[in-house]
file data_6.pdb (PDB, C-alpha atoms and all ligand atoms)
ATOM      1  CA  MET E  26     -46.557 -12.336 -33.325
ATOM      2  CA  ILE E  27     -49.832 -13.016 -35.093
ATOM      3  CA  ASN E  28     -52.047 -16.035 -35.773
ATOM      4  CA  ILE E  29     -52.499 -17.254 -39.344
ATOM      5  CA  ALA E  30     -55.637 -19.135 -40.422
ATOM      6  CA  ILE E  31     -55.459 -21.306 -43.548
ATOM      7  CA  ASP E  32     -58.716 -22.861 -44.770
ATOM      8  CA  GLY E  33     -59.734 -24.650 -47.929
ATOM      9  CA  PRO E  34     -60.836 -27.942 -49.445
ATOM     10  CA  ALA E  35     -58.993 -31.285 -49.314
ATOM     11  CA  ALA E  36     -55.531 -31.456 -50.908
ATOM     12  CA  ALA E  37     -55.327 -27.745 -51.712
ATOM     13  CA  GLY E  38     -51.863 -27.780 -50.116
ATOM     14  CA  LYS E  39     -52.844 -26.369 -46.711
ATOM     15  CA  SER E  40     -50.851 -28.608 -44.372
ATOM     16  CA  THR E  41     -47.692 -28.783 -46.506
ATOM     17  CA  ILE E  42     -47.617 -25.009 -46.882
ATOM     18  CA  ALA E  43     -48.765 -24.213 -43.318
ATOM     19  CA  LYS E  44     -45.817 -26.247 -41.964
ATOM     20  CA  LYS E  45     -43.369 -24.383 -44.197
ATOM     21  CA  VAL E  46     -44.820 -20.980 -43.341
ATOM     22  CA  ALA E  47     -44.561 -21.834 -39.631
ATOM     23  CA  ALA E  48     -40.927 -22.951 -40.060
ATOM     24  CA  ARG E  49     -39.989 -19.778 -41.977
ATOM     25  CA  LEU E  50     -41.585 -17.497 -39.360
ATOM     26  CA  GLY E  51     -40.491 -19.509 -36.319
ATOM     27  CA  TYR E  52     -44.194 -20.130 -35.512
ATOM     28  CA  LYS E  53     -45.956 -23.310 -34.390
ATOM     29  CA  TYR E  54     -48.216 -25.347 -36.668
ATOM     30  CA  LEU E  55     -51.576 -26.822 -35.627
ATOM     31  CA  ASP E  56     -53.165 -29.425 -37.927
ATOM     32  CA  THR E  57     -56.853 -29.236 -36.968
ATOM     33  CA  GLY E  58     -57.828 -31.833 -39.604
ATOM     34  CA  ALA E  59     -55.640 -34.371 -37.795
ATOM     35  CA  MET E  60     -57.667 -33.683 -34.630
ATOM     36  CA  TYR E  61     -60.946 -34.509 -36.444
ATOM     37  CA  ARG E  62     -59.269 -37.634 -37.812
ATOM     38  CA  ALA E  63     -58.194 -38.673 -34.285
ATOM     39  CA  ILE E  64     -61.761 -38.371 -32.966
ATOM     40  CA  THR E  65     -62.990 -40.345 -35.987
ATOM     41  CA  LEU E  66     -60.540 -43.136 -35.102
ATOM     42  CA  TYR E  67     -61.644 -43.062 -31.449
ATOM     43  CA  LEU E  68     -65.348 -43.289 -32.366
ATOM     44  CA  HIS E  69     -64.570 -46.068 -34.852
ATOM     45  CA  GLU E  70     -62.930 -48.056 -32.045
ATOM     46  CA  HIS E  71     -65.479 -47.079 -29.337
ATOM     47  CA  LYS E  72     -68.876 -47.238 -30.989
ATOM     48  CA  GLU E  73     -70.907 -46.676 -27.785
ATOM     49  CA  THR E  74     -69.235 -43.384 -26.862
ATOM     50  CA  ASP E  75     -71.406 -40.746 -25.179
ATOM     51  CA  LEU E  76     -70.529 -37.640 -27.207
ATOM     52  CA  ASN E  77     -71.141 -35.408 -24.188
ATOM     53  CA  GLU E  78     -68.142 -36.990 -22.482
ATOM     54  CA  LEU E  79     -65.519 -36.365 -25.167
ATOM     55  CA  SER E  80     -63.511 -34.003 -22.979
ATOM     56  CA  GLU E  81     -63.174 -36.643 -20.241
ATOM     57  CA  LEU E  82     -62.462 -39.500 -22.634
ATOM     58  CA  ILE E  83     -60.091 -38.018 -25.172
ATOM     59  CA  ASP E  84     -56.636 -36.542 -24.847
ATOM     60  CA  ILE E  85     -55.016 -35.271 -28.050
ATOM     61  CA  GLU E  86     -51.365 -34.183 -28.013
ATOM     62  CA  PHE E  87     -48.905 -33.275 -30.775
ATOM     63  CA  SER E  88     -45.231 -34.072 -30.167
ATOM     64  CA  GLN E  89     -42.440 -31.642 -31.117
ATOM     65  CA  GLU E  90     -41.863 -33.726 -34.264
ATOM     66  CA  GLY E  91     -45.527 -33.379 -35.268
ATOM     67  CA  LYS E  92     -46.630 -36.881 -34.266
ATOM     68  CA  LEU E  93     -50.193 -37.163 -32.998
ATOM     69  CA  PHE E  94     -50.921 -39.030 -29.748
ATOM     70  CA  LEU E  95     -54.472 -40.105 -28.934
ATOM     71  CA  ASN E  96     -54.639 -41.059 -25.240
ATOM     72  CA  ASP E  97     -50.841 -41.591 -25.297
ATOM     73  CA  ARG E  98     -50.936 -43.837 -28.404
ATOM     74  CA  ASP E  99     -49.101 -42.731 -31.558
ATOM     75  CA  VAL E 100     -51.849 -42.686 -34.234
ATOM     76  CA  THR E 101     -50.027 -40.480 -36.773
ATOM     77  CA  ASP E 102     -50.241 -43.058 -39.573
ATOM     78  CA  MET E 103     -53.545 -44.708 -38.604
ATOM     79  CA  ILE E 104     -55.531 -41.475 -38.949
ATOM     80  CA  ARG E 105     -54.517 -41.244 -42.649
ATOM     81  CA  GLU E 106     -55.903 -44.680 -43.550
ATOM     82  CA  SER E 107     -58.654 -44.585 -46.148
ATOM     83  CA  HIS E 108     -61.436 -45.929 -43.888
ATOM     84  CA  ILE E 109     -60.832 -42.957 -41.566
ATOM     85  CA  THR E 110     -60.710 -40.494 -44.494
ATOM     86  CA  LYS E 111     -64.085 -41.842 -45.676
ATOM     87  CA  GLN E 112     -65.749 -41.322 -42.257
ATOM     88  CA  VAL E 113     -64.135 -38.091 -41.119
ATOM     89  CA  SER E 114     -66.497 -35.560 -42.713
ATOM     90  CA  SER E 115     -69.541 -37.230 -41.064
ATOM     91  CA  VAL E 116     -67.846 -37.139 -37.659
ATOM     92  CA  ALA E 117     -66.789 -33.523 -38.251
ATOM     93  CA  ALA E 118     -70.463 -32.609 -38.773
ATOM     94  CA  LEU E 119     -71.354 -33.618 -35.162
ATOM     95  CA  LYS E 120     -72.008 -30.633 -32.894
ATOM     96  CA  GLU E 121     -70.393 -32.164 -29.778
ATOM     97  CA  VAL E 122     -67.234 -32.987 -31.710
ATOM     98  CA  ARG E 123     -66.928 -29.455 -33.071
ATOM     99  CA  VAL E 124     -67.582 -27.785 -29.717
ATOM    100  CA  PHE E 125     -64.895 -29.951 -28.077
ATOM    101  CA  LEU E 126     -62.259 -29.389 -30.773
ATOM    102  CA  VAL E 127     -62.886 -25.690 -31.394
ATOM    103  CA  ASP E 128     -62.424 -25.058 -27.659
ATOM    104  CA  LEU E 129     -59.178 -27.055 -27.639
ATOM    105  CA  GLN E 130     -57.875 -25.276 -30.778
ATOM    106  CA  ARG E 131     -58.606 -21.849 -29.261
ATOM    107  CA  LYS E 132     -56.819 -22.788 -26.032
ATOM    108  CA  ILE E 133     -53.739 -24.062 -27.878
ATOM    109  CA  SER E 134     -53.436 -20.969 -30.100
ATOM    110  CA  SER E 135     -54.305 -18.383 -27.453
ATOM    111  CA  LYS E 136     -50.659 -17.302 -27.033
ATOM    112  CA  LYS E 137     -50.302 -16.320 -30.775
ATOM    113  CA  GLY E 138     -47.519 -17.347 -33.138
ATOM    114  CA  TYR E 139     -49.585 -20.193 -34.618
ATOM    115  CA  VAL E 140     -50.409 -21.278 -38.146
ATOM    116  CA  LEU E 141     -53.643 -23.304 -38.082
ATOM    117  CA  ASP E 142     -55.072 -25.125 -41.079
ATOM    118  CA  GLY E 143     -58.555 -26.549 -41.474
ATOM    119  CA  ARG E 144     -62.026 -25.678 -42.731
ATOM    120  CA  ASP E 145     -63.441 -23.207 -40.189
ATOM    121  CA  ILE E 146     -60.366 -21.503 -38.739
ATOM    122  CA  GLY E 147     -60.934 -18.023 -40.204
ATOM    123  CA  SER E 148     -64.728 -18.221 -39.926
ATOM    124  CA  VAL E 149     -65.258 -19.803 -36.484
ATOM    125  CA  VAL E 150     -62.160 -20.862 -34.512
ATOM    126  CA  LEU E 151     -60.218 -17.599 -34.846
ATOM    127  CA  PRO E 152     -62.475 -14.972 -36.452
ATOM    128  CA  ASP E 153     -59.966 -12.349 -35.233
ATOM    129  CA  ALA E 154     -56.892 -14.006 -36.773
ATOM    130  CA  GLU E 155     -54.650 -11.273 -38.156
ATOM    131  CA  LEU E 156     -54.094 -13.120 -41.461
ATOM    132  CA  LYS E 157     -56.597 -15.425 -43.156
ATOM    133  CA  ILE E 158     -55.891 -17.436 -46.284
ATOM    134  CA  PHE E 159     -58.405 -19.420 -48.329
ATOM    135  CA  MET E 160     -56.449 -21.942 -50.395
ATOM    136  CA  THR E 161     -58.007 -23.736 -53.356
ATOM    137  CA  ALA E 162     -57.239 -25.717 -56.516
ATOM    138  CA  THR E 163     -59.500 -27.551 -58.953
ATOM    139  CA  PRO E 164     -60.724 -31.029 -57.896
ATOM    140  CA  GLU E 165     -58.689 -32.588 -60.747
ATOM    141  CA  VAL E 166     -55.425 -30.986 -59.619
ATOM    142  CA  ARG E 167     -56.106 -31.896 -56.000
ATOM    143  CA  ALA E 168     -56.944 -35.515 -56.835
ATOM    144  CA  GLN E 169     -53.803 -35.760 -58.991
ATOM    145  CA  ARG E 170     -51.740 -34.634 -55.972
ATOM    146  CA  ARG E 171     -53.362 -37.267 -53.762
ATOM    147  CA  LEU E 172     -52.766 -39.876 -56.493
ATOM    148  CA  ILE E 173     -49.026 -39.257 -56.309
ATOM    149  CA  GLU E 174     -49.156 -39.676 -52.515
ATOM    150  CA  GLU E 175     -51.218 -42.887 -52.723
ATOM    151  CA  HIS E 176     -48.881 -44.398 -55.333
ATOM    152  CA  ALA E 177     -45.882 -43.544 -53.160
ATOM    153  CA  ARG E 178     -47.584 -45.490 -50.332
ATOM    154  CA  GLY E 179     -48.011 -48.469 -52.707
ATOM    155  CA  ASN E 180     -51.799 -47.987 -53.138
ATOM    156  CA  ASN E 181     -52.758 -48.524 -56.747
ATOM    157  CA  ILE E 182     -55.895 -46.370 -56.718
ATOM    158  CA  GLU E 183     -57.398 -44.713 -59.822
ATOM    159  CA  LEU E 184     -57.601 -40.959 -60.369
ATOM    160  CA  SER E 185     -61.379 -41.060 -60.967
ATOM    161  CA  VAL E 186     -61.926 -42.722 -57.551
ATOM    162  CA  LEU E 187     -59.927 -39.973 -55.843
ATOM    163  CA  ILE E 188     -61.795 -37.220 -57.725
ATOM    164  CA  ASP E 189     -65.094 -38.747 -56.509
ATOM    165  CA  GLU E 190     -63.844 -39.070 -52.913
ATOM    166  CA  ILE E 191     -62.530 -35.507 -52.798
ATOM    167  CA  THR E 192     -65.687 -34.074 -54.375
ATOM    168  CA  GLU E 193     -67.912 -35.969 -51.919
ATOM    169  CA  ARG E 194     -65.887 -34.776 -48.914
ATOM    170  CA  ASP E 195     -65.898 -31.158 -50.203
ATOM    171  CA  THR E 196     -69.690 -31.312 -50.595
ATOM    172  CA  ASN E 197     -70.129 -32.716 -47.061
ATOM    173  CA  ASP E 198     -67.816 -30.056 -45.630
ATOM    174  CA  MET E 199     -69.463 -27.179 -47.524
ATOM    175  CA  THR E 200     -73.082 -28.149 -46.877
ATOM    176  CA  ARG E 201     -73.033 -29.219 -43.223
ATOM    177  CA  GLU E 202     -75.149 -27.191 -40.844
ATOM    178  CA  ILE E 203     -72.476 -26.282 -38.278
ATOM    179  CA  SER E 204     -69.347 -24.387 -39.357
ATOM    180  CA  PRO E 205     -69.372 -25.310 -43.045
ATOM    181  CA  LEU E 206     -66.301 -24.718 -45.189
ATOM    182  CA  VAL E 207     -66.596 -21.109 -46.402
ATOM    183  CA  GLN E 208     -64.179 -18.403 -47.404
ATOM    184  CA  ALA E 209     -64.195 -15.807 -44.599
ATOM    185  CA  GLU E 210     -65.007 -12.314 -45.906
ATOM    186  CA  ASP E 211     -61.586 -10.989 -44.977
ATOM    187  CA  ALA E 212     -59.597 -14.004 -46.235
ATOM    188  CA  VAL E 213     -57.080 -13.741 -49.082
ATOM    189  CA  LEU E 214     -57.869 -16.234 -51.847
ATOM    190  CA  ILE E 215     -54.899 -18.207 -53.207
ATOM    191  CA  SER E 216     -55.455 -20.652 -56.026
ATOM    192  CA  THR E 217     -52.574 -23.117 -56.019
ATOM    193  CA  ASP E 218     -53.267 -24.839 -59.376
ATOM    194  CA  ALA E 219     -50.315 -23.285 -61.136
ATOM    195  CA  LEU E 220     -48.153 -22.364 -58.159
ATOM    196  CA  THR E 221     -45.379 -24.374 -56.541
ATOM    197  CA  ILE E 222     -45.323 -25.046 -52.814
ATOM    198  CA  ASP E 223     -42.436 -22.574 -52.413
ATOM    199  CA  GLU E 224     -44.252 -19.847 -54.348
ATOM    200  CA  VAL E 225     -47.358 -20.131 -52.160
ATOM    201  CA  THR E 226     -45.228 -20.286 -48.993
ATOM    202  CA  SER E 227     -43.364 -17.101 -49.933
ATOM    203  CA  LYS E 228     -46.606 -15.241 -50.698
ATOM    204  CA  ILE E 229     -48.038 -16.091 -47.263
ATOM    205  CA  VAL E 230     -44.784 -15.253 -45.441
ATOM    206  CA  GLU E 231     -44.814 -11.891 -47.236
ATOM    207  CA  PHE E 232     -48.431 -11.189 -46.164
ATOM    208  CA  ALA E 233     -47.550 -12.212 -42.600
ATOM    209  CA  ASN E 234     -44.517  -9.922 -42.466
ATOM    210  CA  GLU E 235     -46.649  -7.032 -43.766
ATOM    211  CA  LYS E 236     -49.209  -7.677 -41.003
ATOM    212  CA  VAL E 237     -46.550  -7.880 -38.295
ATOM    213  CA  THR E 238     -44.874  -4.629 -39.419
ATOM    214  CA  GLY E 239     -48.259  -2.937 -39.847
ATOM    215  CA  ASP E 240     -49.298  -3.889 -36.306
ATOM    216  CA  GLN E 241     -46.185  -2.366 -34.683
TER     217      GLN E 241
HETATM  218  O1  LIG E 301     -55.744 -33.244 -45.404
HETATM  219  P1  LIG E 301     -57.148 -33.331 -45.911
HETATM  220  O2  LIG E 301     -57.529 -32.118 -46.675
HETATM  221  O3  LIG E 301     -57.480 -34.607 -46.563
HETATM  222  O4  LIG E 301     -58.136 -33.278 -44.685
HETATM  223  P2  LIG E 301     -57.869 -32.836 -43.219
HETATM  224  O5  LIG E 301     -57.380 -31.440 -43.142
HETATM  225  O6  LIG E 301     -57.070 -33.905 -42.563
HETATM  226  O7  LIG E 301     -59.349 -32.823 -42.644
HETATM  227  C1  LIG E 301     -60.138 -33.997 -42.595
HETATM  228  C2  LIG E 301     -61.601 -33.614 -42.420
HETATM  229  O8  LIG E 301     -61.779 -33.044 -41.124
HETATM  230  C3  LIG E 301     -62.164 -32.606 -43.396
HETATM  231  O9  LIG E 301     -62.629 -33.194 -44.604
HETATM  232  C4  LIG E 301     -63.311 -32.003 -42.583
HETATM  233  O10 LIG E 301     -64.470 -32.838 -42.655
HETATM  234  C5  LIG E 301     -62.809 -32.061 -41.163
HETATM  235  N1  LIG E 301     -62.278 -30.775 -40.684
HETATM  236  C6  LIG E 301     -63.181 -29.837 -40.237
HETATM  237  O11 LIG E 301     -64.394 -30.066 -40.312
HETATM  238  N2  LIG E 301     -62.748 -28.672 -39.697
HETATM  239  C7  LIG E 301     -61.441 -28.402 -39.607
HETATM  240  N3  LIG E 301     -61.040 -27.254 -39.043
HETATM  241  C8  LIG E 301     -60.491 -29.331 -40.084
HETATM  242  C9  LIG E 301     -60.945 -30.507 -40.647
HETATM  243  O1  LIG E 302     -53.595 -30.125 -46.289
HETATM  244  P1  LIG E 302     -54.241 -30.290 -47.619
HETATM  245  O2  LIG E 302     -55.147 -31.456 -47.667
HETATM  246  O3  LIG E 302     -54.896 -29.047 -48.121
HETATM  247  O4  LIG E 302     -53.089 -30.577 -48.693
HETATM  248  P2  LIG E 302     -51.623 -31.197 -48.512
HETATM  249  O5  LIG E 302     -51.752 -32.529 -47.877
HETATM  250  O6  LIG E 302     -50.724 -30.201 -47.892
HETATM  251  O7  LIG E 302     -51.152 -31.317 -50.028
HETATM  252  C1  LIG E 302     -51.592 -32.361 -50.863
HETATM  253  C2  LIG E 302     -50.447 -32.716 -51.798
HETATM  254  O8  LIG E 302     -50.311 -31.714 -52.799
HETATM  255  C3  LIG E 302     -49.101 -32.863 -51.111
HETATM  256  O9  LIG E 302     -48.469 -34.032 -51.599
HETATM  257  C4  LIG E 302     -48.344 -31.619 -51.580
HETATM  258  O10 LIG E 302     -46.962 -31.875 -51.704
HETATM  259  C5  LIG E 302     -48.957 -31.347 -52.957
HETATM  260  N1  LIG E 302     -48.926 -29.931 -53.375
HETATM  261  C6  LIG E 302     -48.373 -29.567 -54.587
HETATM  262  O11 LIG E 302     -47.886 -30.442 -55.302
HETATM  263  N2  LIG E 302     -48.346 -28.251 -55.014
HETATM  264  C7  LIG E 302     -48.893 -27.297 -54.269
HETATM  265  N3  LIG E 302     -48.867 -26.024 -54.682
HETATM  266  C8  LIG E 302     -49.490 -27.649 -53.024
HETATM  267  C9  LIG E 302     -49.482 -28.969 -52.609
END
call {"tool": "encode", "arguments": {"input": "data_6.pdb", "output": "structure tokens"}}
result
Amino acid sequence: MINIAIDGPAAAGKSTIAKKVAARLGYKYLDTGAMYRAITLYLHEHKETDLNELSELIDIEFSQEGKLFLNDRDVTDMIRESHITKQVSSVAALKEVRVFLVDLQRKISSKKGYVLDGRDIGSVVLPDAELKIFMTATPEVRAQRRLIEEHARGNNIELSVLIDEITERDTNDMTREISPLVQAEDAVLISTDALTIDEVTSKIVEFANEKVTGDQ
């Protein structure tokens, strides 16, 4: 078994495709963005938190069904609310937060057979991952995808607002000092603008199978 790192900007298709790749290979999926969202929710609710105590204060667990529990509370839906999305890239820029989560992500994936998606997986969390993917699409295509999701949730938001939000978060993620979003040198670039979810999934499964056979 190998580990697969999938990085890229917001709404490129990382989590949807990472889950499918994991299912096809019989691997486990780790949504590292959800972990940053959970800390953002915690800090929103506990404004006086000493960031040096995160490891004593916070327990993050994923259930078999992919639900996220923050200190035993199911926060799967809460972490997707727009006030959390707006704050998450600032929280993700904090050194203490990154040190805590990177350590946890490395521990979880140490046994191999994981697909991780995020911003710094191939560059920082698992620089030795056997397969690294950098997934992108234009901001317009990505915002259009989010628009469909927001409308399905009953939120009547405009496309231009989502383009602005996505562009601002990308800029924050790419320009922060610690572990910015970058394409690792040895990552395969996949632009998903004109590809379906199944097409991208199959490509990655193919790369993974090549790596596994090559390593034997
Ligand atoms: O799903 P979406 O692309 O909206 O974002 P996400 O994967 O849930 O990640 C939310 C935010 O967490 C990102 O915008 C980054 O600021 C941060 N993040 C990070 O810094 N490093 C990671 N490995 C994953 C997420
Ligand atoms: O995890 P990330 O933020 O990169 O993206 P996502 O949440 O997996 O995907 C954002 C949306 O784009 C989802 O509704 C996907 O179904 C959709 N998508 C798509 O329509 N075509 C693709 N090739 C990839 C994703």
call {"tool": "closest_residue", "arguments": {"input": "data_6.pdb", "among": "E:Lys157, E:Lys111, E:Gln208, E:Glu73", "to": "Leu187 in chain E", "atoms": "only C-alpha atoms"}}
result
E:Lys111
call {"tool": "residues_near_ligand", "arguments": {"input": "data_6.pdb", "ligand": "ligand LIG 301 (chain E)", "cutoff": "8 Å", "atoms": "all atoms listed in the file", "output": "MDAnalysis selection string"}}
result
chainID E and resid 32:40 56:62 105 110 113:118 123 142:146 150 194:195 197:198 204:206
call {"tool": "closest_residue", "arguments": {"input": "data_6.pdb", "among": "E:Gln112, E:Thr238, E:Thr217, E:Thr226", "to": "ligand LIG 302 (chain E)", "atoms": "only C-alpha atoms and all ligand atoms"}}
result
E:Thr217
call {"tool": "closest_residue", "arguments": {"input": "data_6.pdb", "among": "E:Glu175, E:Asp99, E:Glu210, E:Glu81", "to": "ligand LIG 302 (chain E)", "atoms": "all atoms listed in the file"}}
result
E:Glu175
call {"tool": "resolve_selection", "arguments": {"input": "data_6.pdb", "expression": "the PyMOL selection byres (((chain E and resi 237) around 12) and not hetatm)", "output": "list of chain:residue names"}}
result
E:Met26, E:Ile27, E:Asn28, E:Ile29, E:Leu50, E:Lys137, E:Gly138, E:Glu155, E:Leu156, E:Val230, E:Glu231, E:Phe232, E:Ala233, E:Asn234, E:Glu235, E:Lys236, E:Thr238, E:Gly239, E:Asp240, E:Gln241
